[in-house]
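Listing of run_2.txt; format and content: compact mmCIF, C-alpha atoms and all ligand atoms.
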```
# COMPACT_ATOMS: atom_id res chain seq x y z
CA MET A 1 -4.02 11.62 -7.44
CA LYS A 2 -7.12 13.80 -6.99
CA SER A 3 -8.31 13.05 -10.51
CA VAL A 4 -8.20 9.24 -10.39
CA ASP A 5 -11.02 6.90 -9.25
CA THR A 6 -8.84 3.84 -8.69
CA LEU A 7 -5.27 3.40 -7.56
CA VAL A 8 -3.38 0.22 -8.44
CA ILE A 9 -0.02 -0.16 -6.75
CA ALA A 10 2.49 -3.02 -6.77
CA LEU A 11 4.48 -2.44 -3.62
CA PRO A 12 7.64 -4.38 -2.74
CA ILE A 13 8.92 -4.47 0.81
CA TYR A 14 12.43 -3.07 1.04
CA SER A 15 14.28 -3.33 4.35
CA PHE A 16 11.00 -3.99 6.18
CA ASN A 17 9.39 -0.84 4.84
CA VAL A 18 8.00 0.79 1.72
CA PRO A 19 10.59 1.70 -0.95
CA GLY A 20 12.08 5.18 -0.54
CA ALA A 21 10.68 6.33 -3.90
CA PHE A 22 7.14 5.39 -2.82
CA LYS A 23 7.59 7.28 0.48
CA ALA A 24 8.88 10.31 -1.44
CA TRP A 25 5.70 10.18 -3.59
CA ILE A 26 3.49 10.01 -0.47
CA ASP A 27 5.36 13.05 0.88
CA GLN A 28 4.31 14.95 -2.25
CA VAL A 29 0.73 13.67 -2.20
CA ALA A 30 -0.05 14.27 1.50
CA ARG A 31 -0.60 18.01 1.48
CA ALA A 32 -2.72 20.04 3.92
CA LYS A 33 -5.58 21.86 2.17
CA VAL A 34 -5.11 19.65 -0.92
CA THR A 35 -5.47 15.98 0.06
CA PHE A 36 -6.34 16.45 3.74
CA ARG A 37 -7.57 19.34 5.84
CA TYR A 38 -7.87 20.25 9.49
CA GLY A 39 -11.50 20.12 10.63
CA ASP A 40 -13.09 20.63 14.05
CA ASN A 41 -12.09 17.11 15.06
CA GLY A 42 -8.56 17.14 13.66
CA PRO A 43 -7.21 16.10 10.25
CA GLU A 44 -9.64 14.64 7.70
CA GLY A 45 -8.91 13.21 4.28
CA VAL A 46 -10.47 14.74 1.22
CA LEU A 47 -9.82 11.91 -1.29
CA GLU A 48 -13.23 10.30 -0.96
CA ASN A 49 -14.95 7.77 -3.23
CA LYS A 50 -11.71 6.24 -4.43
CA LYS A 51 -10.60 2.61 -4.40
CA ALA A 52 -7.05 1.41 -3.85
CA TYR A 53 -5.65 -1.98 -4.81
CA VAL A 54 -2.25 -2.72 -3.32
CA MET A 55 -0.23 -5.79 -4.24
CA LEU A 56 2.23 -6.22 -1.43
CA ILE A 57 5.27 -8.24 -2.49
CA SER A 58 8.19 -9.43 -0.41
CA GLY A 59 10.89 -12.04 -0.14
CA GLY A 60 10.48 -13.50 3.33
CA THR A 61 8.68 -10.83 5.37
CA LEU A 62 5.12 -12.09 5.63
CA LEU A 63 2.02 -9.92 5.60
CA GLY A 64 0.48 -9.87 9.09
CA SER A 65 3.66 -11.04 10.80
CA ASP A 66 5.38 -9.10 13.57
CA LEU A 67 7.77 -7.75 10.92
CA ASP A 68 4.99 -6.40 8.70
CA PHE A 69 5.29 -2.65 9.22
CA VAL A 70 3.95 -1.92 5.75
CA SER A 71 0.29 -2.99 5.57
CA GLY A 72 -0.67 -0.97 8.68
CA TYR A 73 1.16 2.06 7.31
CA ILE A 74 -0.58 1.78 3.94
CA HIS A 75 -4.05 1.48 5.50
CA HIS A 76 -3.27 4.40 7.80
CA VAL A 77 -1.88 6.75 5.17
CA TRP A 78 -4.65 6.06 2.63
CA GLY A 79 -7.27 6.44 5.38
CA PHE A 80 -5.62 9.70 6.47
CA LEU A 81 -6.10 11.02 2.94
CA GLY A 82 -9.71 9.74 2.83
CA ILE A 83 -9.24 6.47 0.91
CA LYS A 84 -11.02 3.85 3.02
CA ASP A 85 -11.73 1.25 0.33
CA VAL A 86 -8.38 -0.54 0.22
CA THR A 87 -7.91 -4.08 -1.10
CA MET A 88 -4.51 -5.55 -0.36
CA SER A 89 -3.23 -8.76 -1.87
CA ASP A 90 -0.76 -10.94 -0.07
CA SER A 91 2.10 -11.61 -2.42
CA SER A 92 4.51 -11.72 0.48
CA GLY A 93 7.05 -14.50 0.72
CA ILE A 94 7.64 -15.10 -2.97
CA GLY A 95 9.26 -18.42 -2.08
CA ARG A 96 5.78 -19.73 -1.20
CA GLY A 97 5.23 -20.10 -4.96
CA GLU A 98 1.76 -21.06 -6.19
CA GLU A 99 -0.07 -19.63 -3.16
CA VAL A 100 1.45 -16.20 -3.80
CA ILE A 101 0.65 -16.36 -7.50
CA ALA A 102 -2.97 -17.33 -6.71
CA ASN A 103 -3.29 -14.41 -4.25
CA THR A 104 -1.96 -11.98 -6.83
CA ARG A 105 -4.34 -13.33 -9.50
CA LYS A 106 -7.30 -12.73 -7.14
CA ILE A 107 -6.59 -9.01 -6.94
CA ILE A 108 -5.93 -8.75 -10.67
CA ASP A 109 -9.37 -10.33 -11.27
CA CYS A 110 -10.96 -7.69 -8.99
CA ILE A 111 -9.47 -4.87 -11.02
C1 LIG B 1 16.94 -3.32 -1.33
C2 LIG B 1 16.02 -4.46 -1.10
C3 LIG B 1 15.56 -4.70 0.17
C4 LIG B 1 14.67 -5.76 0.40
N1 LIG B 1 14.21 -5.96 1.66
C5 LIG B 1 13.32 -6.96 1.89
C6 LIG B 1 12.78 -7.17 3.19
O1 LIG B 1 13.04 -6.46 4.15
N2 LIG B 1 11.92 -8.20 3.35
C7 LIG B 1 11.56 -9.02 2.32
O2 LIG B 1 10.78 -9.92 2.52
N3 LIG B 1 12.02 -8.83 1.07
C8 LIG B 1 12.92 -7.82 0.82
N4 LIG B 1 13.39 -7.62 -0.43
C9 LIG B 1 12.86 -8.46 -1.54
C10 LIG B 1 11.82 -7.66 -2.30
O3 LIG B 1 10.64 -7.49 -1.53
C11 LIG B 1 11.51 -8.34 -3.64
O4 LIG B 1 12.68 -8.27 -4.36
C12 LIG B 1 10.40 -7.60 -4.30
O5 LIG B 1 9.18 -7.93 -3.69
C13 LIG B 1 10.27 -7.79 -5.79
O6 LIG B 1 10.44 -9.10 -6.17
P1 LIG B 1 11.46 -9.41 -7.36
O7 LIG B 1 12.84 -9.14 -6.78
O8 LIG B 1 11.21 -10.81 -7.73
O9 LIG B 1 11.12 -8.46 -8.47
C14 LIG B 1 14.27 -6.59 -0.67
C15 LIG B 1 14.75 -6.33 -1.96
C16 LIG B 1 15.60 -5.29 -2.18
C17 LIG B 1 16.09 -5.04 -3.59
```
As C-alpha cells - that is how I would like this structure written.
Ligand SMILES: Cc1cc2nc3c(=O)[nH]c(=O)nc-3n(C[C@H](O)[C@H](O)[C@H](O)COP(=O)(O)O)c2cc1C
Amino acid sequence: MKSVDTLVIALPIYSFNVPGAFKAWIDQVARAKVTFRYGDNGPEGVLENKKAYVMLISGGTLLGSDLDFVSGYIHHVWGFLGIKDVTMSDSSGIGRGEEVIANTRKIIDCI
C-alpha cells in the first residue's frame, strides 16, 4: 500500500456494507506509525500523493441513498490514511443497465 501511487478497487456492496475480506484488508493496512500517526492535532494520515479509484457496485442499494453506508466510509477511511484524491464511480443498482455501464466506463477511461 505504501509503495503504490494509484489504487484501483472494484467494491461490491454486501449486506449494506463493504465485503468482510475488504474490511479485513483495511484492518491490516490502517496501522499507527505506519499508515497514520498521532500528531499534535490528533491522527493524521501518512499516505500522501496517492490517487484512489473506487468502482462501487451493488444490486439495489443506490449510491447516495439513505442506505449507502459505504461511500462515506470509503472517503473517511482513505482520508484518515492520507488519501484525499478519491474518484468513485456509481455502478450501484446493476438493474439500471446502460447508465451503470456508462458510469463504470467513465472511471475506466480516467485510469
Ligand atoms: C452476500 C451478498 C450480499 C449482498 N448484499 C447486497 C446489498 O446489501 N445491497 C445491494 O444492492 N446488493 C447486494 N448484493 C449484490 C452485490 O452487490 C452484487 O452481487 C455485486 O455488486 C457484484 O455483482 P455481480 O453479482 O453481478 O458480480 C449482495 C451480494 C451478495 C453475494
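Shortest separation to Ser89 in chain A among A:Val18, A:Leu56, A:Leu67, A:Ala32 occurs at residue A:Leu56, atoms counted being all atoms listed in the file.
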Within 9 Å of range 39-54 of chain A using all atoms listed in the file, minus same-chain residues under 4 positions, as a short mmCIF file (atom, residue, chain, number, x, y, z; two decimals) with C-alpha atoms, keeping the file's coordinate frame:
```cif
data_model
loop_
_atom_site.label_atom_id
_atom_site.label_comp_id
_atom_site.auth_asym_id
_atom_site.auth_seq_id
_atom_site.Cartn_x
_atom_site.Cartn_y
_atom_site.Cartn_z
CA MET A 1 -4.02 11.62 -7.44
CA LYS A 2 -7.12 13.80 -6.99
CA VAL A 4 -8.20 9.24 -10.39
CA ASP A 5 -11.02 6.90 -9.25
CA THR A 6 -8.84 3.84 -8.69
CA LEU A 7 -5.27 3.40 -7.56
CA VAL A 8 -3.38 0.22 -8.44
CA ILE A 9 -0.02 -0.16 -6.75
CA ALA A 10 2.49 -3.02 -6.77
CA LEU A 11 4.48 -2.44 -3.62
CA ALA A 32 -2.72 20.04 3.92
CA LYS A 33 -5.58 21.86 2.17
CA VAL A 34 -5.11 19.65 -0.92
CA THR A 35 -5.47 15.98 0.06
CA ILE A 74 -0.58 1.78 3.94
CA TRP A 78 -4.65 6.06 2.63
CA GLY A 79 -7.27 6.44 5.38
CA PHE A 80 -5.62 9.70 6.47
CA LEU A 81 -6.10 11.02 2.94
CA GLY A 82 -9.71 9.74 2.83
CA ILE A 83 -9.24 6.47 0.91
CA LYS A 84 -11.02 3.85 3.02
CA ASP A 85 -11.73 1.25 0.33
CA VAL A 86 -8.38 -0.54 0.22
CA THR A 87 -7.91 -4.08 -1.10
CA MET A 88 -4.51 -5.55 -0.36
CA SER A 89 -3.23 -8.76 -1.87
CA ASP A 90 -0.76 -10.94 -0.07
CA ILE A 107 -6.59 -9.01 -6.94
CA ILE A 108 -5.93 -8.75 -10.67
CA CYS A 110 -10.96 -7.69 -8.99
CA ILE A 111 -9.47 -4.87 -11.02
#
```
Hey, which residues come within 8 Å of ligand LIG 1 (chain B) if we count all atoms listed in the file? Could you give them as a ChimeraX atom specification? /A:11-17,56-62,92-94
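A straight line drawn from CA of Asp109 in chain A to CA of Val70 in chain A is 23.2 Å long.
We find CA of Asp68 in chain A and CA of Arg31 in chain A to be spaced 26.1 Å apart.
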Gap from CA of Thr104 in chain A to CA of Gly64 in chain A - Å, one decimal: 16.2 Å
For range 20-44 of chain A, supply N, CA and C atoms and report the output as a short mmCIF file (atom, residue, chain, number, x, y, z; two decimals), in the coordinates of the input.
```
data_model
loop_
_atom_site.label_atom_id
_atom_site.label_comp_id
_atom_site.auth_asym_id
_atom_site.auth_seq_id
_atom_site.Cartn_x
_atom_site.Cartn_y
_atom_site.Cartn_z
N GLY A 20 11.89 3.74 -0.74
CA GLY A 20 12.08 5.18 -0.54
C GLY A 20 11.36 6.02 -1.58
N ALA A 21 11.32 5.55 -2.84
CA ALA A 21 10.68 6.33 -3.90
C ALA A 21 9.17 6.44 -3.66
N PHE A 22 8.57 5.35 -3.13
CA PHE A 22 7.14 5.39 -2.82
C PHE A 22 6.88 6.38 -1.68
N LYS A 23 7.74 6.34 -0.65
CA LYS A 23 7.59 7.28 0.48
C LYS A 23 7.73 8.72 0.00
N ALA A 24 8.68 8.95 -0.92
CA ALA A 24 8.88 10.31 -1.44
C ALA A 24 7.62 10.77 -2.19
N TRP A 25 6.94 9.85 -2.88
CA TRP A 25 5.70 10.18 -3.59
C TRP A 25 4.60 10.53 -2.58
N ILE A 26 4.49 9.72 -1.51
CA ILE A 26 3.49 10.01 -0.47
C ILE A 26 3.75 11.41 0.12
N ASP A 27 5.02 11.74 0.31
CA ASP A 27 5.36 13.05 0.88
C ASP A 27 4.86 14.19 -0.03
N GLN A 28 4.82 13.93 -1.32
CA GLN A 28 4.31 14.95 -2.25
C GLN A 28 2.78 14.98 -2.26
N VAL A 29 2.19 13.80 -2.09
CA VAL A 29 0.73 13.67 -2.20
C VAL A 29 0.02 14.16 -0.93
N ALA A 30 0.61 13.90 0.23
CA ALA A 30 -0.05 14.27 1.50
C ALA A 30 0.18 15.76 1.78
N ARG A 31 -0.73 16.56 1.35
CA ARG A 31 -0.60 18.01 1.48
C ARG A 31 -1.83 18.60 2.15
N ALA A 32 -1.61 19.37 3.24
CA ALA A 32 -2.72 20.04 3.92
C ALA A 32 -3.41 20.99 2.94
N LYS A 33 -4.70 21.04 3.01
CA LYS A 33 -5.58 21.86 2.17
C LYS A 33 -5.69 21.33 0.74
N VAL A 34 -5.01 20.24 0.42
CA VAL A 34 -5.11 19.65 -0.92
C VAL A 34 -5.68 18.23 -0.81
N THR A 35 -5.00 17.36 -0.07
CA THR A 35 -5.47 15.98 0.06
C THR A 35 -5.99 15.67 1.47
N PHE A 36 -5.69 16.54 2.41
CA PHE A 36 -6.34 16.45 3.74
C PHE A 36 -6.48 17.87 4.27
N ARG A 37 -7.37 18.01 5.25
CA ARG A 37 -7.57 19.34 5.84
C ARG A 37 -7.80 19.18 7.34
N TYR A 38 -7.64 20.27 8.05
CA TYR A 38 -7.87 20.25 9.49
C TYR A 38 -9.29 20.71 9.76
N GLY A 39 -10.12 19.79 10.29
CA GLY A 39 -11.50 20.12 10.63
C GLY A 39 -11.62 20.32 12.14
N ASP A 40 -12.85 20.41 12.61
CA ASP A 40 -13.09 20.63 14.05
C ASP A 40 -12.56 19.48 14.90
N ASN A 41 -12.54 18.29 14.31
CA ASN A 41 -12.09 17.11 15.06
C ASN A 41 -10.69 16.65 14.65
N GLY A 42 -9.91 17.52 14.07
CA GLY A 42 -8.56 17.14 13.66
C GLY A 42 -8.47 16.93 12.16
N PRO A 43 -7.40 16.26 11.69
CA PRO A 43 -7.21 16.10 10.25
C PRO A 43 -8.27 15.17 9.63
N GLU A 44 -8.72 15.51 8.44
CA GLU A 44 -9.64 14.64 7.70
C GLU A 44 -9.23 14.60 6.23
#
```
